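structure.txt follows; it contains compact mmCIF, C-alpha atoms and all ligand atoms.
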```txt
# COMPACT_ATOMS: atom_id res chain seq x y z
CA LEU A 1 14.81 31.14 14.57
CA GLN A 2 16.82 29.19 17.11
CA ILE A 3 16.51 25.45 16.47
CA PRO A 4 17.19 24.49 20.14
CA GLU A 5 14.33 26.77 21.16
CA LEU A 6 11.96 24.98 18.71
CA ILE A 7 13.06 21.60 20.08
CA ARG A 8 12.45 22.89 23.61
CA LYS A 9 8.94 24.08 22.69
CA LYS A 10 7.98 20.67 21.32
CA ARG A 11 9.72 18.88 24.19
CA ASP A 12 7.55 20.89 26.64
CA GLY A 13 4.38 20.07 24.69
CA GLU A 14 3.86 23.47 23.07
CA ALA A 15 2.52 23.72 19.51
CA LEU A 16 4.76 24.88 16.66
CA SER A 17 3.54 27.43 14.11
CA ARG A 18 3.49 27.03 10.32
CA ASP A 19 6.58 29.30 10.02
CA GLU A 20 8.43 27.21 12.56
CA PHE A 21 7.67 23.95 10.70
CA GLN A 22 8.66 25.65 7.44
CA GLU A 23 12.01 26.68 8.92
CA LEU A 24 12.63 23.16 10.25
CA VAL A 25 11.60 21.22 7.13
CA SER A 26 13.29 23.46 4.55
CA GLY A 27 16.40 23.84 6.74
CA TYR A 28 16.65 20.05 6.96
CA VAL A 29 16.04 19.39 3.25
CA LEU A 30 18.67 22.02 2.31
CA GLY A 31 21.18 20.50 4.74
CA ARG A 32 21.35 23.60 6.99
CA ILE A 33 19.97 21.77 10.04
CA PRO A 34 21.89 18.62 11.10
CA ASP A 35 20.35 15.17 11.69
CA TYR A 36 20.89 15.33 15.47
CA GLN A 37 18.65 18.37 15.91
CA ILE A 38 15.86 16.96 13.73
CA ALA A 39 16.22 13.59 15.51
CA ALA A 40 15.63 15.34 18.85
CA LEU A 41 12.65 17.17 17.41
CA LEU A 42 11.16 13.93 16.00
CA MET A 43 11.49 12.24 19.39
CA ALA A 44 9.83 15.23 21.08
CA ALA A 45 7.00 15.04 18.51
CA PHE A 46 6.75 11.27 19.03
CA LEU A 47 6.41 11.65 22.82
CA ARG A 48 4.32 14.84 22.94
CA GLY A 49 2.24 14.35 19.78
CA LEU A 50 1.14 17.01 17.30
CA ASP A 51 -2.25 18.72 17.29
CA HIS A 52 -4.54 18.85 14.20
CA LEU A 53 -3.14 22.14 12.99
CA GLU A 54 0.46 21.04 13.41
CA VAL A 55 -0.22 17.84 11.42
CA GLU A 56 -1.82 19.94 8.68
CA TYR A 57 1.12 22.40 8.59
CA LEU A 58 3.69 19.61 8.53
CA THR A 59 1.82 17.67 5.81
CA ASP A 60 1.44 20.77 3.64
CA ILE A 61 5.06 21.88 4.05
CA MET A 62 6.41 18.37 3.36
CA MET A 63 4.13 18.09 0.31
CA ARG A 64 5.55 21.37 -1.06
CA SER A 65 9.20 20.39 -0.38
CA GLY A 66 9.55 19.29 -4.05
CA SER A 67 7.57 19.48 -7.28
CA LEU A 68 3.83 18.87 -7.30
CA LEU A 69 1.99 16.97 -10.01
CA ASN A 70 -0.89 18.90 -11.55
CA PHE A 71 -3.52 17.32 -13.77
CA GLU A 72 -6.00 20.20 -13.76
CA HIS A 73 -5.79 20.32 -17.57
CA LEU A 74 -7.40 16.86 -17.71
CA PRO A 75 -11.19 16.54 -17.38
CA GLY A 76 -12.85 15.23 -14.23
CA ARG A 77 -11.59 14.49 -10.77
CA LYS A 78 -8.40 12.53 -10.16
CA VAL A 79 -8.39 9.86 -7.47
CA ASP A 80 -6.00 7.39 -5.92
CA LYS A 81 -5.97 4.62 -3.32
CA HIS A 82 -3.33 4.02 -0.66
CA SER A 83 -2.95 0.90 1.42
CA THR A 84 -0.89 0.84 4.61
CA GLY A 85 0.48 -2.50 3.40
CA GLY A 86 -0.03 -6.16 4.07
CA VAL A 87 0.46 -9.72 2.85
CA GLY A 88 -1.07 -10.67 -0.50
CA ASP A 89 -2.49 -7.16 -0.95
CA LYS A 90 -2.54 -6.73 -4.73
CA THR A 91 -5.66 -4.52 -4.92
CA SER A 92 -3.82 -1.63 -6.64
CA LEU A 93 -3.09 -3.78 -9.71
CA ILE A 94 -6.79 -4.48 -10.10
CA ILE A 95 -8.61 -1.32 -9.08
CA ALA A 96 -6.32 1.26 -10.69
CA PRO A 97 -7.00 -0.07 -14.24
CA ALA A 98 -10.65 -0.84 -13.42
CA VAL A 99 -11.34 2.71 -12.16
CA ALA A 100 -9.43 4.27 -15.08
CA ALA A 101 -11.49 2.07 -17.46
CA CYS A 102 -14.61 3.67 -15.91
CA GLY A 103 -13.32 7.12 -16.91
CA VAL A 104 -11.78 8.43 -13.65
CA HIS A 105 -8.09 9.41 -13.86
CA VAL A 106 -5.74 7.55 -11.50
CA PRO A 107 -2.18 8.91 -11.02
CA MET A 108 -0.93 6.08 -8.79
CA ILE A 109 2.48 6.47 -7.19
CA SER A 110 3.41 3.36 -5.24
CA GLY A 111 6.24 2.01 -3.14
CA ARG A 112 8.36 -1.13 -2.76
CA GLY A 113 7.93 -3.97 -0.32
CA LEU A 114 9.79 -3.85 2.97
CA GLY A 115 9.67 -6.43 5.74
CA PHE A 116 6.80 -8.86 5.25
CA SER A 117 4.66 -6.32 3.32
CA GLY A 118 4.67 -6.56 -0.44
CA GLY A 119 5.06 -3.50 -2.68
CA THR A 120 3.17 -2.62 -5.86
CA LEU A 121 6.35 -1.59 -7.71
CA ASP A 122 7.98 -4.99 -7.14
CA LYS A 123 4.82 -6.75 -8.33
CA LEU A 124 4.64 -4.63 -11.49
CA GLU A 125 8.34 -5.20 -12.20
CA SER A 126 7.75 -8.96 -12.23
CA ILE A 127 6.05 -8.32 -15.61
CA PRO A 128 8.99 -8.64 -18.04
CA GLY A 129 10.11 -5.20 -19.26
CA PHE A 130 7.67 -3.15 -17.09
CA LYS A 131 9.19 0.26 -16.17
CA VAL A 132 8.07 1.97 -12.95
CA HIS A 133 10.67 4.75 -12.84
CA LEU A 134 9.63 7.24 -15.47
CA PRO A 135 10.42 10.93 -15.93
CA LEU A 136 7.63 13.40 -15.13
CA ILE A 137 6.95 14.05 -18.81
CA ARG A 138 6.14 10.35 -19.35
CA ILE A 139 3.83 10.32 -16.31
CA TYR A 140 1.91 13.26 -17.84
CA GLN A 141 1.74 11.46 -21.21
CA LEU A 142 0.41 8.26 -19.59
CA MET A 143 -2.26 10.23 -17.76
CA GLU A 144 -3.26 12.06 -20.94
CA ARG A 145 -3.38 8.93 -23.12
CA HIS A 146 -4.57 6.26 -20.69
CA GLY A 147 -5.97 8.13 -17.67
CA LEU A 148 -3.63 5.99 -15.58
CA ALA A 149 0.02 5.83 -14.48
CA LEU A 150 1.47 3.05 -12.28
CA VAL A 151 4.82 4.48 -11.24
CA GLY A 152 7.36 4.97 -8.44
CA GLN A 153 8.22 8.19 -6.68
CA THR A 154 10.48 10.55 -8.63
CA ASP A 155 13.45 12.17 -6.83
CA ASP A 156 11.86 15.60 -6.84
CA LEU A 157 8.55 14.50 -5.28
CA VAL A 158 8.34 15.14 -1.51
CA PRO A 159 12.13 15.02 -0.83
CA ALA A 160 11.40 15.99 2.81
CA ASP A 161 9.74 12.62 3.43
CA LYS A 162 12.70 10.66 2.04
CA LYS A 163 15.07 12.36 4.51
CA LEU A 164 12.69 12.41 7.45
CA TYR A 165 11.56 8.79 6.99
CA ALA A 166 15.17 7.56 6.85
CA LEU A 167 15.90 9.45 10.09
CA ARG A 168 12.72 8.14 11.78
CA ASP A 169 13.71 4.62 10.80
CA VAL A 170 16.97 4.83 12.77
CA THR A 171 15.62 6.82 15.74
CA SER A 172 12.61 4.61 16.63
CA THR A 173 10.16 7.36 15.72
CA VAL A 174 8.26 5.64 12.88
CA GLU A 175 5.25 4.49 14.95
CA SER A 176 3.83 7.94 15.65
CA ILE A 177 0.38 8.55 14.19
CA PRO A 178 0.92 12.31 13.46
CA LEU A 179 4.27 11.58 11.76
CA ILE A 180 2.78 8.68 9.73
CA VAL A 181 -0.13 10.89 8.66
CA ALA A 182 2.20 13.68 7.47
CA SER A 183 4.42 11.16 5.67
CA ILE A 184 1.65 9.30 3.83
CA MET A 185 -0.63 12.25 3.12
CA SER A 186 2.18 14.57 1.89
CA LYS A 187 3.14 11.95 -0.73
CA LYS A 188 -0.42 11.19 -1.81
CA LEU A 189 -1.55 14.83 -2.01
CA ALA A 190 1.55 15.74 -4.08
CA GLU A 191 0.06 13.55 -6.84
CA GLY A 192 -2.43 16.28 -7.72
CA ILE A 193 -5.49 14.24 -6.73
CA ASP A 194 -8.95 15.41 -5.62
CA GLY A 195 -9.99 12.24 -3.86
CA LEU A 196 -8.24 9.48 -1.94
CA VAL A 197 -9.41 6.11 -0.65
CA LEU A 198 -7.31 4.71 2.19
CA ASP A 199 -7.14 1.02 3.02
CA VAL A 200 -5.85 0.91 6.59
CA LYS A 201 -4.94 -2.67 7.41
CA THR A 202 -5.31 -4.07 10.88
CA GLY A 203 -3.97 -7.29 12.42
CA SER A 204 -0.86 -9.42 12.62
CA GLY A 205 0.23 -8.77 9.03
CA ALA A 206 -0.33 -5.00 9.26
CA PHE A 207 1.69 -2.01 10.37
CA MET A 208 -1.03 -1.33 12.98
CA LYS A 209 -1.78 -4.47 14.98
CA THR A 210 -4.91 -3.36 16.85
CA ILE A 211 -8.25 -2.07 15.61
CA GLU A 212 -7.98 0.96 17.94
CA ARG A 213 -4.63 2.12 16.48
CA SER A 214 -5.81 1.40 12.91
CA ARG A 215 -8.99 3.42 13.51
CA GLN A 216 -6.99 6.33 14.99
CA LEU A 217 -4.65 6.35 12.00
CA ALA A 218 -7.56 6.14 9.54
CA GLN A 219 -9.45 8.96 11.27
CA ALA A 220 -6.36 11.18 11.45
CA MET A 221 -5.64 10.71 7.73
CA VAL A 222 -9.27 11.42 6.78
CA ASP A 223 -9.31 14.57 8.97
CA THR A 224 -6.02 15.89 7.59
CA GLY A 225 -7.05 15.24 3.96
CA LYS A 226 -10.37 17.01 4.49
CA ARG A 227 -8.73 20.02 6.18
CA MET A 228 -6.55 20.24 3.09
CA GLY A 229 -9.60 20.38 0.82
CA LYS A 230 -9.60 16.78 -0.43
CA SER A 231 -12.31 14.11 -0.37
CA VAL A 232 -10.98 11.22 1.69
CA VAL A 233 -12.55 7.93 2.79
CA ALA A 234 -10.77 5.25 4.84
CA LEU A 235 -11.63 1.56 5.13
CA VAL A 236 -10.21 -0.41 8.04
CA THR A 237 -9.69 -3.95 6.74
CA ASP A 238 -8.52 -7.24 8.19
CA MET A 239 -4.91 -8.35 7.75
CA ASN A 240 -4.75 -11.27 10.16
CA GLU A 241 -4.72 -13.75 7.27
CA PRO A 242 -3.28 -13.06 3.78
CA LEU A 243 -5.56 -11.34 1.25
CA GLY A 244 -6.50 -13.67 -1.61
CA LEU A 245 -4.59 -16.89 -2.17
CA LYS A 246 -1.32 -15.88 -3.86
CA ILE A 247 1.65 -14.16 -2.20
CA GLY A 248 4.78 -13.18 -4.13
CA ASN A 249 5.33 -10.84 -7.04
CA SER A 250 4.50 -12.67 -10.28
CA LEU A 251 2.01 -14.86 -8.37
CA GLU A 252 0.17 -11.71 -7.31
CA VAL A 253 0.13 -10.46 -10.90
CA GLU A 254 -1.48 -13.79 -11.87
CA GLU A 255 -4.17 -13.42 -9.20
CA SER A 256 -4.77 -9.79 -10.22
CA LEU A 257 -5.29 -10.86 -13.82
CA ASP A 258 -7.73 -13.56 -12.66
CA THR A 259 -9.61 -10.97 -10.60
CA LEU A 260 -9.72 -8.58 -13.55
CA GLN A 261 -11.44 -11.41 -15.46
CA GLY A 262 -13.97 -11.98 -12.66
CA LYS A 263 -12.24 -15.19 -11.52
CA GLY A 264 -10.54 -13.90 -8.37
CA PRO A 265 -10.91 -15.29 -4.84
CA PRO A 266 -14.00 -13.97 -2.98
CA ASP A 267 -12.19 -11.86 -0.33
CA LEU A 268 -10.00 -10.07 -2.87
CA THR A 269 -12.95 -9.59 -5.23
CA VAL A 270 -15.10 -8.02 -2.51
CA LEU A 271 -12.35 -5.68 -1.29
CA CYS A 272 -11.50 -4.56 -4.84
CA ARG A 273 -15.14 -3.92 -5.66
CA THR A 274 -15.62 -1.84 -2.49
CA LEU A 275 -12.40 0.19 -2.84
CA ALA A 276 -13.09 0.83 -6.53
CA ALA A 277 -16.69 1.85 -5.79
CA TYR A 278 -15.49 4.49 -3.29
CA MET A 279 -12.92 5.73 -5.82
CA LEU A 280 -15.60 6.04 -8.50
CA TRP A 281 -17.88 7.86 -6.08
CA LEU A 282 -15.13 10.30 -4.99
CA GLY A 283 -14.29 10.68 -8.68
CA GLU A 284 -17.93 11.75 -9.27
CA ALA A 285 -18.42 9.08 -11.95
CA VAL A 286 -21.42 7.72 -10.00
CA PRO A 287 -23.94 9.25 -7.56
CA SER A 288 -23.48 6.58 -4.88
CA VAL A 289 -21.12 3.83 -3.73
CA ALA A 290 -23.73 1.20 -4.70
CA GLU A 291 -23.70 2.58 -8.27
CA GLY A 292 -19.90 2.49 -8.12
CA GLU A 293 -20.03 -1.26 -7.40
CA LYS A 294 -22.28 -1.78 -10.43
CA LEU A 295 -19.98 0.24 -12.69
CA TYR A 296 -16.94 -1.72 -11.44
CA ASP A 297 -18.75 -5.05 -12.06
CA LEU A 298 -19.59 -3.91 -15.59
CA ALA A 299 -15.95 -2.98 -16.35
CA ILE A 300 -14.91 -6.46 -15.20
CA ALA A 301 -17.70 -8.23 -17.10
CA ASN A 302 -17.18 -6.39 -20.41
CA GLY A 303 -13.38 -6.81 -20.29
CA LYS A 304 -12.61 -3.06 -20.21
CA ALA A 305 -10.74 -3.27 -16.89
CA LEU A 306 -8.48 -6.04 -18.22
CA ASP A 307 -7.99 -4.14 -21.51
CA LYS A 308 -6.87 -1.07 -19.55
CA PHE A 309 -4.33 -3.15 -17.63
CA ARG A 310 -3.06 -4.63 -20.91
CA GLN A 311 -2.75 -1.10 -22.39
CA ILE A 312 -0.83 0.29 -19.41
CA ILE A 313 1.51 -2.72 -19.37
CA GLU A 314 2.33 -2.03 -23.02
CA ALA A 315 2.62 1.75 -22.46
CA GLN A 316 5.07 1.16 -19.60
CA GLU A 317 7.15 -1.18 -21.79
CA GLY A 318 5.99 -4.47 -20.22
CA ASP A 319 5.06 -7.63 -22.12
CA PRO A 320 1.26 -7.41 -22.62
CA ARG A 321 1.09 -11.14 -23.45
CA VAL A 322 1.10 -11.82 -19.67
CA ALA A 323 -2.53 -10.65 -19.62
CA ASP A 324 -3.54 -13.69 -21.69
CA ASP A 325 -0.99 -16.31 -20.72
CA PHE A 326 0.81 -16.67 -17.38
CA LYS A 327 3.66 -18.55 -19.08
CA TYR A 328 5.12 -15.11 -19.97
CA LEU A 329 5.50 -14.34 -16.23
CA PRO A 330 8.47 -15.65 -14.22
CA GLN A 331 7.69 -19.09 -12.73
CA ALA A 332 9.41 -20.81 -9.78
CA SER A 333 11.06 -24.14 -10.53
CA HIS A 334 10.16 -26.04 -7.30
CA ARG A 335 7.06 -26.53 -5.13
CA LEU A 336 6.59 -27.93 -1.64
CA GLY A 337 3.29 -28.38 0.21
CA VAL A 338 2.93 -27.38 3.88
CA GLU A 339 0.71 -29.96 5.56
CA ALA A 340 -1.63 -29.65 8.53
CA GLU A 341 -0.51 -31.78 11.49
CA ARG A 342 -4.10 -32.41 12.57
CA ALA A 343 -7.59 -32.20 11.11
CA GLY A 344 -10.05 -29.46 12.06
CA TYR A 345 -11.35 -26.00 11.23
CA ILE A 346 -8.78 -23.33 10.40
CA ALA A 347 -8.89 -20.71 13.18
CA GLY A 348 -5.89 -18.65 12.07
CA MET A 349 -3.22 -18.31 9.38
CA ASP A 350 -0.82 -15.71 10.77
CA ALA A 351 -0.28 -13.21 7.95
CA ALA A 352 3.00 -11.90 9.42
CA LYS A 353 4.53 -15.39 9.56
CA ILE A 354 3.32 -16.30 6.07
CA GLY A 355 4.60 -12.94 4.74
CA MET A 356 7.98 -13.48 6.41
CA SER A 357 8.09 -17.00 4.99
CA SER A 358 7.64 -15.61 1.46
CA VAL A 359 10.45 -13.09 2.16
CA LEU A 360 12.72 -16.00 3.16
CA LEU A 361 11.95 -17.72 -0.15
CA GLY A 362 13.17 -14.52 -1.87
CA ALA A 363 9.86 -12.71 -2.64
CA GLY A 364 10.70 -9.72 -0.41
CA ARG A 365 13.64 -7.78 0.97
CA GLN A 366 15.38 -8.30 4.28
CA THR A 367 17.25 -4.97 3.80
CA VAL A 368 16.38 -2.05 1.50
CA GLU A 369 19.13 -3.09 -0.95
CA SER A 370 18.41 -6.87 -1.12
CA PRO A 371 17.48 -8.24 -4.56
CA ILE A 372 14.17 -10.08 -4.89
CA ASP A 373 13.16 -13.11 -6.94
CA PRO A 374 9.97 -12.19 -8.85
CA ALA A 375 8.94 -15.83 -9.41
CA VAL A 376 8.82 -17.17 -5.86
CA GLY A 377 6.12 -17.06 -3.17
CA ILE A 378 3.30 -18.99 -1.57
CA ILE A 379 -0.01 -20.28 -2.89
CA MET A 380 -2.64 -20.74 -0.18
CA SER A 381 -5.40 -23.28 -0.63
CA LYS A 382 -7.48 -22.44 2.46
CA LYS A 383 -9.06 -19.48 4.26
CA VAL A 384 -9.92 -19.08 7.94
CA GLY A 385 -13.11 -21.11 8.66
CA ASP A 386 -12.33 -23.86 6.10
CA PHE A 387 -11.99 -27.50 7.18
CA ILE A 388 -8.62 -29.19 6.69
CA ASP A 389 -7.68 -32.88 6.91
CA ARG A 390 -4.58 -34.16 8.68
CA GLY A 391 -1.74 -34.28 6.11
CA GLU A 392 -3.59 -31.99 3.66
CA ALA A 393 -1.51 -29.08 2.31
CA TYR A 394 -2.84 -25.70 3.41
CA CYS A 395 -0.35 -23.86 1.24
CA VAL A 396 2.42 -24.54 -1.29
CA LEU A 397 5.86 -22.91 -1.19
CA CYS A 398 7.11 -21.95 -4.69
CA TYR A 399 10.89 -21.50 -4.74
CA ASN A 400 13.96 -21.46 -6.93
CA ASN A 401 16.69 -22.29 -4.41
CA ASP A 402 16.52 -23.79 -0.95
CA ALA A 403 18.61 -21.18 0.93
CA GLY A 404 15.71 -20.00 3.13
CA LEU A 405 13.47 -23.01 2.56
CA ALA A 406 13.79 -24.79 5.94
CA GLU A 407 13.04 -21.61 7.92
CA ALA A 408 10.22 -20.64 5.52
CA LEU A 409 8.67 -24.09 6.00
CA ARG A 410 8.97 -23.88 9.79
CA LEU A 411 7.34 -20.44 9.87
CA CYS A 412 4.44 -21.57 7.68
CA GLN A 413 3.92 -24.64 9.87
CA THR A 414 3.66 -22.45 12.98
CA ALA A 415 1.38 -19.92 11.19
CA LEU A 416 -1.54 -22.37 11.10
CA THR A 417 -3.99 -22.74 14.02
CA VAL A 418 -6.59 -25.51 13.82
CA SER A 419 -9.67 -25.83 16.04
CA GLU A 420 -11.98 -28.79 16.66
CA MET A 421 -14.98 -26.44 16.70
CA PRO A 422 -16.27 -24.67 13.55
CA VAL A 423 -14.79 -21.17 13.13
CA ALA A 424 -16.53 -18.21 11.49
CA PRO A 425 -14.66 -16.60 8.56
CA LYS A 426 -13.07 -13.21 9.37
CA THR A 427 -14.95 -10.00 8.64
CA LEU A 428 -12.86 -8.36 5.96
CA ILE A 429 -14.13 -4.77 5.94
CA LYS A 430 -14.29 -3.74 9.57
CA GLU A 431 -15.09 -0.04 9.34
CA VAL A 432 -15.59 2.78 6.86
CA ILE A 433 -14.50 6.24 8.03
CA GLN A 434 -15.74 9.18 5.97
N1 LIG A 501 4.43 4.52 5.35
C1 LIG A 501 4.84 5.76 5.02
O1 LIG A 501 4.88 6.12 3.84
N2 LIG A 501 5.20 6.60 6.01
C2 LIG A 501 5.16 6.25 7.30
O2 LIG A 501 5.50 7.06 8.14
C3 LIG A 501 4.75 4.94 7.63
C4 LIG A 501 4.38 4.09 6.63
```
Written form, structure tokens:
Amino acid sequence: LQIPELIRKKRDGEALSRDEFQELVSGYVLGRIPDYQIAALLMAAFLRGLDHLEVEYLTDIMMRSGSLLNFEHLPGRKVDKHSTGGVGDKTSLIIAPAVAACGVHVPMISGRGLGFSGGTLDKLESIPGFKVHLPLIRIYQLMERHGLALVGQTDDLVPADKKLYALRDVTSTVESIPLIVASIMSKKLAEGIDGLVLDVKTGSGAFMKTIERSRQLAQAMVDTGKRMGKSVVALVTDMNEPLGLKIGNSLEVEESLDTLQGKGPPDLTVLCRTLAAYMLWLGEAVPSVAEGEKLYDLAIANGKALDKFRQIIEAQEGDPRVADDFKYLPQASHRLGVEAERAGYIAGMDAAKIGMSSVLLGAGRQTVESPIDPAVGIIMSKKVGDFIDRGEAYCVLCYNNDAGLAEALRLCQTALTVSEMPVAPKTLIKEVIQ
């Protein structure tokens, strides 16, 4: 096949066949097709779009570009959850052990934080000793012994996405719904799962800023998963203000442990219960989502969800004492309150600005290679709709050195909007797409 001819077809809005995608993806992964031809093809796909069949072909071919995990030898259905990323989103740390404690296997492969979005791997690594990069054989052992693995991507899983994503990043072709669907779904379906719950964030602190784009992405991922024989549900959830009250790696582990003990903040508790209930339903552990909520509540109340988290921390070489005492987690040495300049009802707390502020304190990366400080971050004391007095702190910056402090403080000050009139709290779960 002539690569320029395939680029021309896509440029002119024609659909590519499975064989043509196969030639392109495997040629690129093997280094036979240069970056400049794939870059041109990505831009053509970005501008012209891909139809349903093309998205399915691309997802399937990317998924098969490396090894596939297979847990068919284990009983029951295997499920996972994927979030498109946000600020303070620590739901994976809570629902993965809770769902596994209810008997449904969860092979969870997560990513790192980039920009103002946090990453599950960074949060887990703030637990002293915790290993996220494990060989395949260890992932299989964890699944067999604990019904759960909380790990990072191995080199041989979906290598096509690593190369294609890096090229999209430098060619302004990331924000294409068909390309995002193929990227996310190829990685998730390579985990050998039967069911997937997607948490598509929407708002200032999300990848997708508007409800329309978030809904389109959610629908496209659900459609593609279903065409590929999987059970997929997507929730579109608010990310205009941070989720929960703690932002930053060890701080988010603390809040996850609180939530696993039934002491979490209401918004995080509700979202975890709902996501877990859908996972349990897709995992066929319960006949309905309402029953899934009851089973999740029971696993929290009887301590089994927390026990499962403690077990997986120990199995992945982390210090299990963190589950009972936060003093074993890294702690920041300094704290500074961010005060409201006037009294009133909180109308907004811009998640993107608060997320960026935590990155400036050292909780996230400004480039892929930057180191992070696991101890630092931000503790919120208010939610949208709450009343605040003039001079009252609406959040506290936790930091170890003041390199980014002044800018972090400025950003947090501008993140707050106060209104004289009462403001209704935000609706957290905006839509469920099945
Ligand atoms: N996250 C991914 O994994 N892939 C994308 O294309 C966008 C976000």
Report summary line: Between A:Ala101, A:Ile127, A:Val181, A:Met143, smallest distance to ligand LIG 501 (chain A) by only C-alpha atoms and all ligand atoms belongs to A:Val181
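Between Lys327 of chain A and the residues A:Leu235, A:Leu271, A:Ala375, A:Leu58, the shortest atom-to-atom distance, using only C-alpha atoms, involves A:Ala375.
Nearest to Lys382 of chain A of all the residues A:Ala305, A:Cys412, A:Leu245, A:Ile313 is A:Leu245, counting only C-alpha atoms.
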Polymer residues at most 12 Å from Pro371 of chain A, all atoms listed in the file, same-chain spacing of 5 or more positions, as a PDB file with C-alpha atoms, in the coordinates of the input:
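Final output, result_10.pdb:
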```
ATOM      1  CA  ARG A 112       8.360  -1.130  -2.760  1.00  0.00           C
ATOM      2  CA  GLY A 113       7.930  -3.970  -0.320  1.00  0.00           C
ATOM      3  CA  LEU A 114       9.790  -3.850   2.970  1.00  0.00           C
ATOM      4  CA  ASP A 122       7.980  -4.990  -7.140  1.00  0.00           C
ATOM      5  CA  VAL A 359      10.450 -13.090   2.160  1.00  0.00           C
ATOM      6  CA  LEU A 360      12.720 -16.000   3.160  1.00  0.00           C
ATOM      7  CA  LEU A 361      11.950 -17.720  -0.150  1.00  0.00           C
ATOM      8  CA  GLY A 362      13.170 -14.520  -1.870  1.00  0.00           C
ATOM      9  CA  ALA A 363       9.860 -12.710  -2.640  1.00  0.00           C
ATOM     10  CA  GLY A 364      10.700  -9.720  -0.410  1.00  0.00           C
ATOM     11  CA  ARG A 365      13.640  -7.780   0.970  1.00  0.00           C
ATOM     12  CA  GLN A 366      15.380  -8.300   4.280  1.00  0.00           C
TER      13      GLN A 366
END
```
Sorted per-residue table, chain A near ligand LIG 501 (chain A), closest atoms and distance, 6 Å, all atoms listed in the file, as a tab-separated table:
```
residue	atom	partner	partner_atom	distance
A:Val174	CA	A:LIG501	O2	5.7
A:Leu179	CA	A:LIG501	O2	5.9
A:Ile180	CA	A:LIG501	O2	3.5
A:Ser183	CA	A:LIG501	N2	4.6
A:Ile184	CA	A:LIG501	O1	4.5
```
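Selection around (3.1, 15.5, -18.2) with radius 12 Å, counting all atoms listed in the file, yields the residues Leu68, Leu69, Asn70, Phe71, Glu72, His73, Leu74, Pro107, Leu134, Pro135, Leu136, Ile137, Arg138, Ile139, Tyr140, Gln141, Leu142, Met143, Glu144, Arg145, Gly147, Leu148, Ala149, Glu191 and Gly192 of chain A.
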